[in-house]
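Q: Input my_file-v7.tsv, format and content: TSV, C-alpha atoms and all ligand atoms.
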chain	number	residue	atom	x	y	z
A	580	MET	CA	-19.23	30.20	-25.76
A	581	PRO	CA	-15.73	28.66	-25.49
A	582	MET	CA	-14.38	26.87	-28.57
A	583	LYS	CA	-15.02	23.15	-28.63
A	584	LYS	CA	-11.93	21.02	-28.13
A	585	ASN	CA	-10.95	18.46	-30.78
A	586	VAL	CA	-11.09	14.75	-30.02
A	587	VAL	CA	-9.81	11.90	-32.21
A	588	VAL	CA	-11.72	8.62	-31.95
A	589	LEU	CA	-9.44	5.69	-32.85
A	590	ASN	CA	-12.04	2.90	-32.97
A	591	ARG	CA	-15.71	2.66	-33.89
A	592	LEU	CA	-17.88	3.81	-31.01
A	593	ALA	CA	-21.64	3.27	-30.75
A	594	PRO	CA	-23.50	6.15	-32.50
A	595	ASP	CA	-25.02	7.41	-29.24
A	596	LEU	CA	-21.55	7.70	-27.69
A	597	VAL	CA	-20.27	9.61	-30.71
A	598	GLU	CA	-23.29	11.93	-30.38
A	599	ARG	CA	-22.55	12.37	-26.70
A	600	LEU	CA	-18.95	13.33	-27.48
A	601	ALA	CA	-20.13	15.69	-30.22
A	602	GLU	CA	-22.17	17.67	-27.67
A	603	HIS	CA	-18.95	18.98	-26.17
A	604	PHE	CA	-16.21	18.29	-28.72
A	605	ASN	CA	-15.42	18.34	-32.41
A	606	VAL	CA	-15.12	14.63	-33.17
A	607	VAL	CA	-12.53	13.46	-35.71
A	608	GLN	CA	-13.00	9.79	-36.61
A	609	PHE	CA	-9.82	7.89	-37.47
A	610	GLU	CA	-10.50	5.33	-40.20
A	611	SER	CA	-8.38	2.21	-40.61
A	612	GLY	CA	-6.12	2.73	-43.62
A	613	GLN	CA	-5.58	6.38	-42.75
A	614	ASP	CA	-2.18	7.59	-41.58
A	615	LEU	CA	-2.57	8.11	-37.82
A	616	GLN	CA	0.02	10.86	-37.55
A	617	SER	CA	-1.68	12.86	-40.31
A	618	VAL	CA	-5.02	12.58	-38.53
A	619	LEU	CA	-3.48	13.58	-35.20
A	620	THR	CA	-1.98	16.70	-36.74
A	621	SER	CA	-4.90	17.63	-39.03
A	622	VAL	CA	-6.35	19.88	-36.29
A	623	PRO	CA	-5.07	20.84	-32.81
A	624	VAL	CA	-6.02	17.59	-31.01
A	625	HIS	CA	-6.85	17.86	-27.29
A	626	GLY	CA	-8.03	14.33	-26.61
A	627	VAL	CA	-7.70	10.83	-28.04
A	628	ILE	CA	-10.02	7.94	-27.21
A	629	GLY	CA	-9.66	4.31	-28.30
A	630	ALA	CA	-7.33	1.34	-28.04
A	631	GLY	CA	-5.00	-0.91	-29.98
A	632	ARG	CA	-2.56	1.77	-31.21
A	633	GLN	CA	0.96	2.42	-30.00
A	634	LEU	CA	1.29	6.04	-28.95
A	635	GLY	CA	4.62	7.54	-27.95
A	636	ARG	CA	7.08	10.22	-28.92
A	637	ARG	CA	7.05	9.42	-32.66
A	638	GLU	CA	3.26	9.62	-32.97
A	639	LEU	CA	2.70	12.48	-30.53
A	640	GLU	CA	5.62	14.89	-30.76
A	641	ASN	CA	3.74	17.19	-33.15
A	642	VAL	CA	0.43	16.90	-31.29
A	643	SER	CA	1.26	19.86	-29.13
A	644	GLU	CA	-2.18	20.55	-27.61
A	645	LEU	CA	-2.82	16.98	-26.44
A	646	GLU	CA	-4.17	16.87	-22.87
A	647	VAL	CA	-5.54	13.35	-22.46
A	648	ILE	CA	-5.54	9.85	-23.92
A	649	SER	CA	-8.54	7.80	-22.79
A	650	THR	CA	-7.75	4.17	-23.50
A	651	ILE	CA	-10.61	1.68	-23.81
A	652	SER	CA	-8.64	-1.00	-21.97
A	653	VAL	CA	-7.18	-1.66	-18.57
A	654	GLY	CA	-3.69	-2.51	-19.90
A	655	TYR	CA	-1.65	0.48	-21.07
A	656	ASP	CA	1.50	-1.08	-22.46
A	657	ASN	CA	0.72	0.54	-25.86
A	658	TYR	CA	1.54	3.94	-24.41
A	659	ASP	CA	4.97	5.36	-23.63
A	660	LEU	CA	4.16	6.42	-20.09
A	661	ASP	CA	7.52	8.16	-19.52
A	662	TYR	CA	6.90	10.30	-22.58
A	663	LEU	CA	3.30	11.07	-21.54
A	664	ASN	CA	4.55	12.10	-18.10
A	665	GLU	CA	7.28	14.28	-19.63
A	666	ARG	CA	4.58	16.05	-21.68
A	667	SER	CA	2.05	16.08	-18.79
A	668	ILE	CA	-0.45	14.19	-20.95
A	669	LEU	CA	-3.00	12.41	-18.77
A	670	LEU	CA	-3.72	8.71	-19.47
A	671	THR	CA	-7.02	7.24	-18.28
A	672	ASN	CA	-8.09	3.57	-18.51
A	673	THR	CA	-11.07	1.28	-17.87
A	674	PRO	CA	-10.41	-1.19	-15.05
A	675	ASP	CA	-13.08	-3.05	-13.04
A	676	VAL	CA	-15.80	-3.17	-15.73
A	677	LEU	CA	-13.92	-5.90	-17.64
A	678	THR	CA	-12.64	-7.93	-14.70
A	679	GLU	CA	-15.36	-10.61	-14.53
A	680	THR	CA	-15.64	-11.02	-18.30
A	681	THR	CA	-11.90	-11.47	-18.70
A	682	ALA	CA	-11.87	-13.96	-15.83
A	683	ASP	CA	-14.65	-15.87	-17.61
A	684	LEU	CA	-12.43	-16.13	-20.66
A	685	ALA	CA	-9.48	-17.38	-18.61
A	686	PHE	CA	-11.70	-20.13	-17.27
A	687	THR	CA	-13.07	-20.88	-20.73
A	688	LEU	CA	-9.49	-21.39	-21.94
A	689	MET	CA	-8.61	-23.57	-18.96
A	690	LEU	CA	-11.63	-25.80	-19.50
A	691	ALA	CA	-11.37	-25.88	-23.28
A	692	THR	CA	-7.69	-26.82	-23.19
A	693	ALA	CA	-8.10	-29.40	-20.41
A	694	ARG	CA	-11.08	-31.07	-22.10
A	695	ARG	CA	-9.67	-30.62	-25.63
A	696	ILE	CA	-12.88	-28.95	-26.78
A	697	VAL	CA	-11.63	-27.37	-30.00
A	698	GLU	CA	-9.62	-30.41	-31.08
A	699	LEU	CA	-12.57	-32.76	-30.49
A	700	ASP	CA	-15.06	-30.39	-32.08
A	701	ASN	CA	-12.90	-30.44	-35.23
A	702	TRP	CA	-12.55	-34.22	-34.96
A	703	LEU	CA	-16.31	-34.66	-34.72
A	704	ARG	CA	-17.08	-32.34	-37.64
A	705	ALA	CA	-14.53	-34.19	-39.77
A	706	GLY	CA	-16.73	-37.30	-39.47
A	707	ASN	CA	-14.36	-39.27	-37.23
A	708	TRP	CA	-16.95	-40.40	-34.64
A	709	ARG	CA	-17.60	-43.89	-35.90
A	710	ALA	CA	-16.89	-45.83	-32.72
A	711	GLY	CA	-16.28	-45.12	-29.03
A	712	LEU	CA	-13.75	-42.48	-28.15
A	713	GLY	CA	-10.44	-44.06	-27.12
A	714	SER	CA	-8.48	-42.87	-24.10
A	715	LYS	CA	-6.14	-41.21	-26.59
A	716	TYR	CA	-8.69	-38.39	-26.69
A	717	PHE	CA	-9.37	-38.09	-22.96
A	718	GLY	CA	-8.64	-34.78	-21.28
A	719	CYS	CA	-7.73	-33.93	-17.70
A	720	ASP	CA	-9.79	-32.72	-14.74
A	721	VAL	CA	-9.93	-29.09	-13.74
A	722	HIS	CA	-11.87	-29.36	-10.45
A	723	GLY	CA	-9.78	-30.13	-7.41
A	724	LYS	CA	-6.50	-29.25	-9.11
A	725	THR	CA	-3.95	-26.59	-8.18
A	726	LEU	CA	-4.49	-23.19	-9.77
A	727	GLY	CA	-1.44	-20.94	-10.00
A	728	ILE	CA	-2.18	-17.25	-10.52
A	729	LEU	CA	0.73	-15.20	-11.80
A	730	GLY	CA	-0.48	-11.69	-10.86
A	731	LEU	CA	-3.20	-11.74	-8.20
A	732	GLY	CA	-4.70	-8.36	-9.10
A	733	ASN	CA	-8.30	-7.62	-10.05
A	734	ILE	CA	-8.60	-10.22	-12.81
A	735	GLY	CA	-6.32	-12.73	-11.09
A	736	ALA	CA	-8.55	-12.60	-8.00
A	737	ALA	CA	-11.69	-13.09	-10.12
A	738	ILE	CA	-10.10	-16.17	-11.72
A	739	ALA	CA	-9.01	-17.44	-8.30
A	740	ARG	CA	-12.59	-17.07	-6.97
A	741	ARG	CA	-13.95	-19.12	-9.85
A	742	GLY	CA	-11.33	-21.78	-9.21
A	743	ARG	CA	-11.75	-21.92	-5.44
A	744	LEU	CA	-15.50	-21.47	-5.08
A	745	GLY	CA	-16.71	-23.07	-8.32
A	746	PHE	CA	-14.19	-25.83	-8.91
A	747	GLY	CA	-12.78	-26.61	-5.46
A	748	MET	CA	-9.27	-25.79	-6.59
A	749	ARG	CA	-6.30	-25.04	-4.38
A	750	VAL	CA	-5.11	-21.50	-5.15
A	751	LEU	CA	-1.46	-20.46	-5.23
A	752	TYR	CA	-0.32	-17.05	-6.38
A	753	THR	CA	2.48	-14.65	-6.89
A	754	ALA	CA	2.32	-10.85	-7.08
A	755	ASN	CA	4.57	-7.95	-6.15
A	756	SER	CA	3.10	-7.95	-2.65
A	757	ARG	CA	1.23	-10.40	-0.43
A	758	LYS	CA	-2.60	-10.28	-0.44
A	759	PRO	CA	-3.70	-11.20	3.12
A	760	ALA	CA	-7.43	-10.58	2.48
A	761	LEU	CA	-7.47	-12.88	-0.55
A	762	GLU	CA	-5.34	-15.44	1.28
A	763	GLN	CA	-8.04	-15.55	3.91
A	764	GLU	CA	-11.02	-15.45	1.54
A	765	LEU	CA	-9.73	-18.13	-0.84
A	766	ASP	CA	-7.24	-20.07	1.30
A	767	ALA	CA	-4.74	-18.78	-1.25
A	768	GLU	CA	-1.04	-19.32	-0.60
A	769	PHE	CA	1.80	-17.10	-1.77
A	770	ARG	CA	4.68	-18.65	-3.69
A	771	GLU	CA	7.79	-17.23	-5.29
A	772	LEU	CA	7.60	-17.70	-9.06
A	773	ASP	CA	9.64	-20.92	-9.13
A	774	GLY	CA	7.41	-22.50	-6.48
A	775	LEU	CA	4.30	-21.47	-8.39
A	776	LEU	CA	5.66	-23.00	-11.59
A	777	ALA	CA	6.55	-26.25	-9.88
A	778	GLU	CA	3.19	-26.77	-8.15
A	779	ALA	CA	0.56	-25.40	-10.55
A	780	ASP	CA	-1.59	-27.74	-12.64
A	781	PHE	CA	-2.99	-24.63	-14.33
A	782	LEU	CA	-0.84	-21.52	-14.57
A	783	CYS	CA	-2.82	-18.36	-15.38
A	784	VAL	CA	-0.71	-15.43	-16.54
A	785	VAL	CA	-2.42	-12.16	-15.51
A	786	VAL	CA	0.40	-9.63	-14.99
A	787	PRO	CA	0.56	-6.33	-16.88
A	788	LEU	CA	3.24	-6.14	-19.58
A	789	SER	CA	6.19	-4.06	-18.38
A	790	GLU	CA	9.96	-4.22	-18.66
A	791	GLN	CA	9.85	-6.42	-15.52
A	792	THR	CA	7.36	-8.91	-16.97
A	793	ARG	CA	8.50	-9.10	-20.62
A	794	LYS	CA	9.41	-12.76	-21.26
A	795	LEU	CA	8.85	-13.51	-17.57
A	796	ILE	CA	7.89	-17.00	-18.73
A	797	GLY	CA	10.69	-18.37	-20.90
A	798	GLN	CA	12.40	-21.70	-21.45
A	799	ARG	CA	13.79	-21.83	-17.91
A	800	GLU	CA	10.36	-21.24	-16.39
A	801	LEU	CA	8.58	-23.68	-18.72
A	802	GLU	CA	11.10	-26.36	-17.73
A	803	ARG	CA	10.08	-25.87	-14.11
A	804	MET	CA	6.42	-26.62	-14.84
A	805	LYS	CA	4.82	-30.06	-14.53
A	806	SER	CA	4.59	-32.01	-17.78
A	807	SER	CA	0.87	-32.35	-17.01
A	808	ALA	CA	0.39	-28.57	-16.59
A	809	ILE	CA	-1.62	-26.18	-18.75
A	810	LEU	CA	-0.59	-22.56	-19.26
A	811	VAL	CA	-3.23	-19.90	-19.88
A	812	ASN	CA	-2.19	-16.41	-20.98
A	813	ILE	CA	-4.84	-13.72	-20.97
A	814	ALA	CA	-2.42	-10.89	-20.04
A	815	ARG	CA	-0.20	-9.80	-22.92
A	816	GLY	CA	1.65	-11.98	-25.44
A	817	PRO	CA	5.19	-10.73	-24.75
A	818	VAL	CA	4.98	-11.84	-21.10
A	819	VAL	CA	5.56	-15.36	-22.46
A	820	ASP	CA	8.46	-16.20	-24.78
A	821	GLU	CA	6.39	-17.62	-27.64
A	822	ALA	CA	9.21	-19.56	-29.34
A	823	ALA	CA	10.02	-21.27	-26.03
A	824	LEU	CA	6.32	-21.99	-25.50
A	825	VAL	CA	5.98	-23.60	-28.94
A	826	GLU	CA	8.96	-25.81	-28.14
A	827	ALA	CA	7.56	-26.78	-24.72
A	828	LEU	CA	4.20	-27.66	-26.30
A	829	ARG	CA	5.80	-29.66	-29.12
A	830	SER	CA	8.10	-31.62	-26.87
A	831	GLY	CA	5.48	-32.38	-24.21
A	832	GLN	CA	7.33	-30.28	-21.63
A	833	ILE	CA	3.85	-29.02	-20.71
A	834	ARG	CA	0.46	-30.51	-21.62
A	835	GLY	CA	-1.20	-27.58	-23.35
A	836	ALA	CA	-1.86	-23.86	-23.58
A	837	GLY	CA	-4.91	-21.62	-23.80
A	838	LEU	CA	-3.96	-18.31	-25.38
A	839	ASP	CA	-5.85	-15.07	-25.85
A	840	VAL	CA	-2.79	-12.92	-26.51
A	841	PHE	CA	0.31	-13.22	-28.67
A	842	GLU	CA	3.69	-11.60	-29.17
A	843	ARG	CA	2.47	-10.06	-32.43
A	844	GLU	CA	-1.14	-9.05	-32.95
A	845	PRO	CA	-3.09	-9.37	-35.14
A	846	LEU	CA	-1.78	-12.85	-35.90
A	847	THR	CA	-2.40	-14.64	-39.18
A	848	GLU	CA	0.30	-17.30	-39.15
A	849	SER	CA	2.02	-19.09	-36.28
A	850	PRO	CA	3.62	-22.43	-35.45
A	851	LEU	CA	1.07	-22.49	-32.60
A	852	PHE	CA	-1.69	-23.09	-35.17
A	853	ALA	CA	-0.24	-26.51	-36.02
A	854	LEU	CA	-0.47	-27.74	-32.42
A	855	ASP	CA	-3.55	-29.67	-31.25
A	856	ASN	CA	-2.75	-28.95	-27.61
A	857	VAL	CA	-3.30	-25.21	-28.10
A	858	VAL	CA	-6.59	-23.34	-27.88
A	859	ALA	CA	-6.06	-19.90	-29.39
A	860	VAL	CA	-8.50	-16.99	-29.63
A	861	PRO	CA	-7.97	-13.47	-31.06
A	862	HIS	CA	-7.57	-11.29	-27.94
A	863	ILE	CA	-11.21	-11.52	-26.86
A	864	GLY	CA	-10.75	-11.19	-23.09
A	865	SER	CA	-13.23	-8.34	-22.77
A	866	ALA	CA	-15.05	-8.88	-26.07
A	867	THR	CA	-18.66	-9.26	-25.04
A	868	HIS	CA	-21.39	-6.80	-26.03
A	869	GLU	CA	-22.05	-5.85	-22.42
A	870	THR	CA	-18.46	-5.35	-21.37
A	871	ARG	CA	-17.24	-3.54	-24.46
A	872	ARG	CA	-20.19	-1.17	-24.05
A	873	ALA	CA	-19.35	-0.57	-20.39
A	874	MET	CA	-15.70	0.05	-21.27
A	875	ALA	CA	-16.57	2.52	-24.02
A	876	GLU	CA	-18.97	4.41	-21.72
A	877	LEU	CA	-16.34	4.60	-19.00
A	878	ALA	CA	-13.68	5.79	-21.46
A	879	VAL	CA	-16.06	8.50	-22.78
A	880	ARG	CA	-16.77	9.58	-19.20
A	881	ASN	CA	-13.03	9.72	-18.41
A	882	LEU	CA	-12.43	11.83	-21.50
A	883	GLU	CA	-15.30	14.23	-20.74
A	884	LEU	CA	-14.12	14.70	-17.17
A	885	ALA	CA	-10.51	15.24	-18.24
A	886	LEU	CA	-11.32	17.83	-20.91
A	887	LEU	CA	-14.23	19.59	-19.21
A	888	GLY	CA	-12.53	20.25	-15.91
A	889	GLY	CA	-13.49	17.29	-13.72
A	890	THR	CA	-11.55	14.39	-12.25
A	891	PRO	CA	-11.59	11.26	-14.42
A	892	LEU	CA	-12.68	8.05	-12.69
A	893	HIS	CA	-9.49	6.11	-13.51
A	894	MET	CA	-6.18	7.87	-14.06
A	895	VAL	CA	-2.98	5.94	-14.78
A	896	ASN	CA	-0.69	8.92	-14.17
A	897	PRO	CA	-2.68	11.30	-11.92
A	898	GLN	CA	0.56	13.05	-10.92
A	899	VAL	CA	0.61	14.96	-14.22
A	900	ARG	CA	-2.44	16.89	-13.02
A	901	ALA	CA	-0.79	18.00	-9.81
A	902	GLY	CA	1.97	19.89	-11.60
B	1001	LIG	P1	-4.11	-5.35	-11.79
B	1001	LIG	O1	-5.32	-5.32	-10.91
B	1001	LIG	O2	-3.20	-4.18	-11.82
B	1001	LIG	O3	-3.28	-6.67	-11.40
B	1001	LIG	C1	-2.00	-6.94	-11.85
B	1001	LIG	C2	-1.33	-7.90	-10.87
B	1001	LIG	O4	-0.03	-8.26	-11.40
B	1001	LIG	C3	-1.08	-7.29	-9.48
B	1001	LIG	O5	-1.47	-8.22	-8.51
B	1001	LIG	C4	0.44	-7.08	-9.44
B	1001	LIG	O6	0.96	-7.26	-8.13
B	1001	LIG	C5	0.91	-8.21	-10.33
B	1001	LIG	N1	2.25	-7.97	-10.88
B	1001	LIG	C6	2.69	-6.89	-11.58
B	1001	LIG	N2	3.97	-7.05	-11.92
B	1001	LIG	C7	4.35	-8.26	-11.43
B	1001	LIG	C8	5.56	-8.98	-11.44
B	1001	LIG	N3	6.66	-8.49	-12.03
B	1001	LIG	N4	5.59	-10.20	-10.84
B	1001	LIG	C9	4.49	-10.70	-10.23
B	1001	LIG	N5	3.31	-10.05	-10.18
B	1001	LIG	C10	3.25	-8.84	-10.77
B	1001	LIG	O7	-4.54	-5.58	-13.30
B	1001	LIG	P2	-5.78	-6.41	-13.88
B	1001	LIG	O8	-6.96	-5.53	-14.04
B	1001	LIG	O9	-5.94	-7.67	-13.10
B	1001	LIG	O10	-5.22	-6.72	-15.35
B	1001	LIG	C11	-4.01	-7.43	-15.53
B	1001	LIG	C12	-3.57	-7.37	-16.99
B	1001	LIG	O11	-4.41	-8.19	-17.77
B	1001	LIG	C13	-3.69	-5.98	-17.64
B	1001	LIG	O12	-2.55	-5.18	-17.38
B	1001	LIG	C14	-3.84	-6.31	-19.11
B	1001	LIG	O13	-2.58	-6.30	-19.74
B	1001	LIG	C15	-4.38	-7.73	-19.10
B	1001	LIG	N6	-5.75	-7.79	-19.65
B	1001	LIG	C16	-5.98	-8.51	-20.77
B	1001	LIG	C17	-7.25	-8.56	-21.30
B	1001	LIG	C18	-7.54	-9.35	-22.54
B	1001	LIG	O14	-8.40	-8.94	-23.31
B	1001	LIG	N7	-6.90	-10.48	-22.74
B	1001	LIG	C19	-8.32	-7.88	-20.66
B	1001	LIG	C20	-8.04	-7.17	-19.51
B	1001	LIG	C21	-6.75	-7.11	-19.01
B	1001	LIG	P3	0.71	-6.14	-6.96
B	1001	LIG	O15	-0.76	-6.04	-6.78
B	1001	LIG	O16	1.37	-6.72	-5.77
B	1001	LIG	O17	1.32	-4.88	-7.48
Let me see the structure of the file written as structure tokens.
Ligand code: NAP
A:
Amino acid sequence: MPMKKNVVVLNRLAPDLVERLAEHFNVVQFESGQDLQSVLTSVPVHGVIGAGRQLGRRELENVSELEVISTISVGYDNYDLDYLNERSILLTNTPDVLTETTADLAFTLMLATARRIVELDNWLRAGNWRAGLGSKYFGCDVHGKTLGILGLGNIGAAIARRGRLGFGMRVLYTANSRKPALEQELDAEFRELDGLLAEADFLCVVVPLSEQTRKLIGQRELERMKSSAILVNIARGPVVDEAALVEALRSGQIRGAGLDVFEREPLTESPLFALDNVVAVPHIGSATHETRRAMAELAVRNLELALLGGTPLHMVNPQVRAG
């Protein structure tokens, strides 16, 4: 029987998935507090599965047997793709299974920010509801407004569908390329970024983080938005210049922001926390029981296929297999 390959598991997986991995591989569990590089070099590691860790030259240069990284996420900005390509290390990810759940969260943030749900929940619990609520605490409508999607990909389209079909919103978008089918399905209209910023009542940021999108939304862009507009970021924190966003929220340059992602994560302190017009949650876009389970299963499947001689279902850099 051939020797089992070694696989490092970065996060906690459900016991049945660990058992499933153990049928074919020697499983090495990485525990928080351990030194990642030591774990990756403790045995000849052939596969890594998990998310939330930066992996590039520094972490991997001594992991000479590594064949595949199976990330339990759709975004892959944590990985140095150029380095993985140079080493012919395959990267697999988990798109599709998290699309609807992440779109749900984008809409939750839009609604919660527009209707000031967190602020008024805190106000109520503090015992302030002694008389009628003054207009000072009114929110703004979501239905019928203009929804601007920055990045009309899988998740962007799922947000746009909710907006168009559920809330009667007008949909505008930008992307690298035009999306004729979605334009037809959702009456969506393409805009260059500046046009999107100027017209959107709700701007949803859904582009992957890359060198092209880092700080794509900065002071200049925030100044182009309506003062009544709400920004929602469920993509990656560094796509928005956070210091500029804080300033725009403080000064009333824009009305509010719903944020799932931040420049630094995890986040324990931030000037954003002092602002009532911000709804902030700890990167929970895909964090439901059902979706996290589906993502983990898909990542396990990708890993098995990559290491046991099949074709993984979702490959970020399939070209490394051709060589
Ligand atoms: P996707 O299907 O690849 O869509 C990305 C979209 O962004 C595409 O429409 C792409 O345009 C567009 N885009 C890329 N670069 C752009 C640029 N410079 N300017 C304008 N548009 C640009 O990805 P997805 O599945 O929707 O996921 C999007 C991102 O959301 C992920 O990369 C991840 O970082 C983030 N995410 C976050 C969470 C969370 O927990 N908060 C969960 C899931 C995903 P083209 O189609 O024309 O190339």
Q: Give me the residues near Glu821 (chain A) as a list in words, where near means some atom within 8 Å (using only C-alpha atoms) and where sequence neighbours in that chain fewer than 5 positions away do not count.
A: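 Everything that qualifies: Gly816, Phe841 and Glu842 of chain A.
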Q: Given the point (-18.9, 3.9, -28.4) in the file's coordinates, find the residues that have an atom at most 8 Å from it, counting only C-alpha atoms, and give them as a list in words.
A: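 The requested residues, written out, are Arg591, Leu592, Ala593, Pro594, Asp595, Leu596, Val597, Arg872, Ala875, Glu876 and Val879 of chain A.
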Q: Write to file, as a compact mmCIF listing (two decimals), in the frame of the given file, the residues of the selection just made, with C-alpha atoms.
A:
# COMPACT_ATOMS: atom_id res chain seq x y z
CA ARG A 591 -15.71 2.66 -33.89
CA LEU A 592 -17.88 3.81 -31.01
CA ALA A 593 -21.64 3.27 -30.75
CA PRO A 594 -23.50 6.15 -32.50
CA ASP A 595 -25.02 7.41 -29.24
CA LEU A 596 -21.55 7.70 -27.69
CA VAL A 597 -20.27 9.61 -30.71
CA ARG A 872 -20.19 -1.17 -24.05
CA ALA A 875 -16.57 2.52 -24.02
CA GLU A 876 -18.97 4.41 -21.72
CA VAL A 879 -16.06 8.50 -22.78
Q: Find the smallest box with edges along x, y and z containing every listed atom of ligand LIG 1001 (chain B), then add 5 Å on each side and report centre and edge lengths in Å to one decimal, as JSON.
A:
{"center_x": -0.9, "center_y": -7.4, "center_z": -14.5, "size_x": 25.1, "size_y": 16.5, "size_z": 27.5}
Q: If I take CA of Val676 (chain A) and atom N6 of ligand LIG 1001 (chain B), how far is one from the other in Å, to one decimal?
A: 11.7 Å
Q: Tell me, as a compact mmCIF listing (two decimals) with C-alpha atoms, in the coordinates of the input, which residues lie within 12 Å of Ile728 (chain A), counting all atoms listed in the file; anything in the same chain fewer than 5 positions away does not count.
A:
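Output saved as out01.txt:
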# COMPACT_ATOMS: atom_id res chain seq x y z
CA ALA A 682 -11.87 -13.96 -15.83
CA ALA A 685 -9.48 -17.38 -18.61
CA ASN A 733 -8.30 -7.62 -10.05
CA ILE A 734 -8.60 -10.22 -12.81
CA GLY A 735 -6.32 -12.73 -11.09
CA ALA A 736 -8.55 -12.60 -8.00
CA ALA A 737 -11.69 -13.09 -10.12
CA ILE A 738 -10.10 -16.17 -11.72
CA ALA A 739 -9.01 -17.44 -8.30
CA ARG A 740 -12.59 -17.07 -6.97
CA ARG A 741 -13.95 -19.12 -9.85
CA GLY A 742 -11.33 -21.78 -9.21
CA ARG A 743 -11.75 -21.92 -5.44
CA MET A 748 -9.27 -25.79 -6.59
CA ARG A 749 -6.30 -25.04 -4.38
CA VAL A 750 -5.11 -21.50 -5.15
CA LEU A 751 -1.46 -20.46 -5.23
CA TYR A 752 -0.32 -17.05 -6.38
CA THR A 753 2.48 -14.65 -6.89
CA ALA A 754 2.32 -10.85 -7.08
CA ALA A 767 -4.74 -18.78 -1.25
CA GLU A 768 -1.04 -19.32 -0.60
CA PHE A 769 1.80 -17.10 -1.77
CA ARG A 770 4.68 -18.65 -3.69
CA GLU A 771 7.79 -17.23 -5.29
CA LEU A 772 7.60 -17.70 -9.06
CA GLY A 774 7.41 -22.50 -6.48
CA LEU A 775 4.30 -21.47 -8.39
CA LEU A 776 5.66 -23.00 -11.59
CA GLU A 778 3.19 -26.77 -8.15
CA ALA A 779 0.56 -25.40 -10.55
CA ASP A 780 -1.59 -27.74 -12.64
CA PHE A 781 -2.99 -24.63 -14.33
CA LEU A 782 -0.84 -21.52 -14.57
CA CYS A 783 -2.82 -18.36 -15.38
CA VAL A 784 -0.71 -15.43 -16.54
CA VAL A 785 -2.42 -12.16 -15.51
CA VAL A 786 0.40 -9.63 -14.99
CA LEU A 810 -0.59 -22.56 -19.26
CA VAL A 811 -3.23 -19.90 -19.88
CA ASN A 812 -2.19 -16.41 -20.98
CA ILE A 813 -4.84 -13.72 -20.97
CA ALA A 814 -2.42 -10.89 -20.04
Q: What's the separation between CA of His722 (chain A) and CA of Phe686 (chain A), in Å to one decimal place?
A: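 If I compute the distance from CA of His722 (chain A) to CA of Phe686 (chain A), I get 11.5 Å.
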Q: Could you give me, as a PDB file with C-alpha atoms, in the coordinates of the input, the residues within 7 Å of region 880-896 of chain A, counting only C-alpha atoms and dropping anything in the same chain fewer than 3 positions from it?
A:
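The resulting file, part16.pdb, is shown below:
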ATOM      1  CA  VAL A 647      -5.540  13.350 -22.460  1.00  0.00           C
ATOM      2  CA  SER A 649      -8.540   7.800 -22.790  1.00  0.00           C
ATOM      3  CA  LEU A 669      -3.000  12.410 -18.770  1.00  0.00           C
ATOM      4  CA  LEU A 670      -3.720   8.710 -19.470  1.00  0.00           C
ATOM      5  CA  THR A 671      -7.020   7.240 -18.280  1.00  0.00           C
ATOM      6  CA  ASN A 672      -8.090   3.570 -18.510  1.00  0.00           C
ATOM      7  CA  THR A 673     -11.070   1.280 -17.870  1.00  0.00           C
ATOM      8  CA  GLU A 876     -18.970   4.410 -21.720  1.00  0.00           C
ATOM      9  CA  LEU A 877     -16.340   4.600 -19.000  1.00  0.00           C
ATOM     10  CA  VAL A 899       0.610  14.960 -14.220  1.00  0.00           C
TER      11      VAL A 899
END
Q: Quick check, in Å to one decimal: how far apart do CA of Arg843 (chain A) and CA of Arg632 (chain A) lie?
A: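 If I compute the distance from CA of Arg843 (chain A) to CA of Arg632 (chain A), I get 12.9 Å.
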Q: Can you tell me which residues surround region 609-616 of chain A at a distance of at most 7 Å, considering all atoms listed in the file, apart from same-chain residues fewer than 6 positions away, and format the answer as a PyMOL selection string?
A: chain A and resi 587-589+638
Q: Which chains and residue numbers are within 8 Å of ligand LIG 1001 (chain B), counting only C-alpha atoms and all ligand atoms, if I want them as a PyMOL selection string?
A: chain A and resi 652-656+674-675+677-678+681+729-736+753-758+772+785-789+791-792+795+812-815+839-840+862-866
Q: From the options A:Val618, A:Ile651, A:Ile668, A:Ala859, which residue's atoms come nearest to Arg636 (chain A), counting all atoms listed in the file?
A: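 For Arg636 (chain A), the nearest of the candidates is A:Ile668.
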Q: Extract, using all atoms listed in the file, all DNA, RNA and protein residues at most 8 Å from region 834-836 of chain A, discarding same-chain residues fewer than 6 positions from it, and format them as a list in words.
A: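 Residues near the query, excluding close chain neighbours: Thr692, Ala693, Ser806, Ser807, Ala808, Ile809, Leu810, Val811, Asn812, Leu828, Asn856, Val857 and Val858 of chain A.
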Q: Selection from above, C-alpha atoms, as a JSON list (two decimals), in the coordinates of the input, can you write it?
A:
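Result saved to out-v4.json:
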[["chain", "number", "residue", "atom", "x", "y", "z"],
["A", 692, "THR", "CA", -7.69, -26.82, -23.19],
["A", 693, "ALA", "CA", -8.10, -29.40, -20.41],
["A", 806, "SER", "CA", 4.59, -32.01, -17.78],
["A", 807, "SER", "CA", 0.87, -32.35, -17.01],
["A", 808, "ALA", "CA", 0.39, -28.57, -16.59],
["A", 809, "ILE", "CA", -1.62, -26.18, -18.75],
["A", 810, "LEU", "CA", -0.59, -22.56, -19.26],
["A", 811, "VAL", "CA", -3.23, -19.90, -19.88],
["A", 812, "ASN", "CA", -2.19, -16.41, -20.98],
["A", 828, "LEU", "CA", 4.20, -27.66, -26.30],
["A", 856, "ASN", "CA", -2.75, -28.95, -27.61],
["A", 857, "VAL", "CA", -3.30, -25.21, -28.10],
["A", 858, "VAL", "CA", -6.59, -23.34, -27.88]]
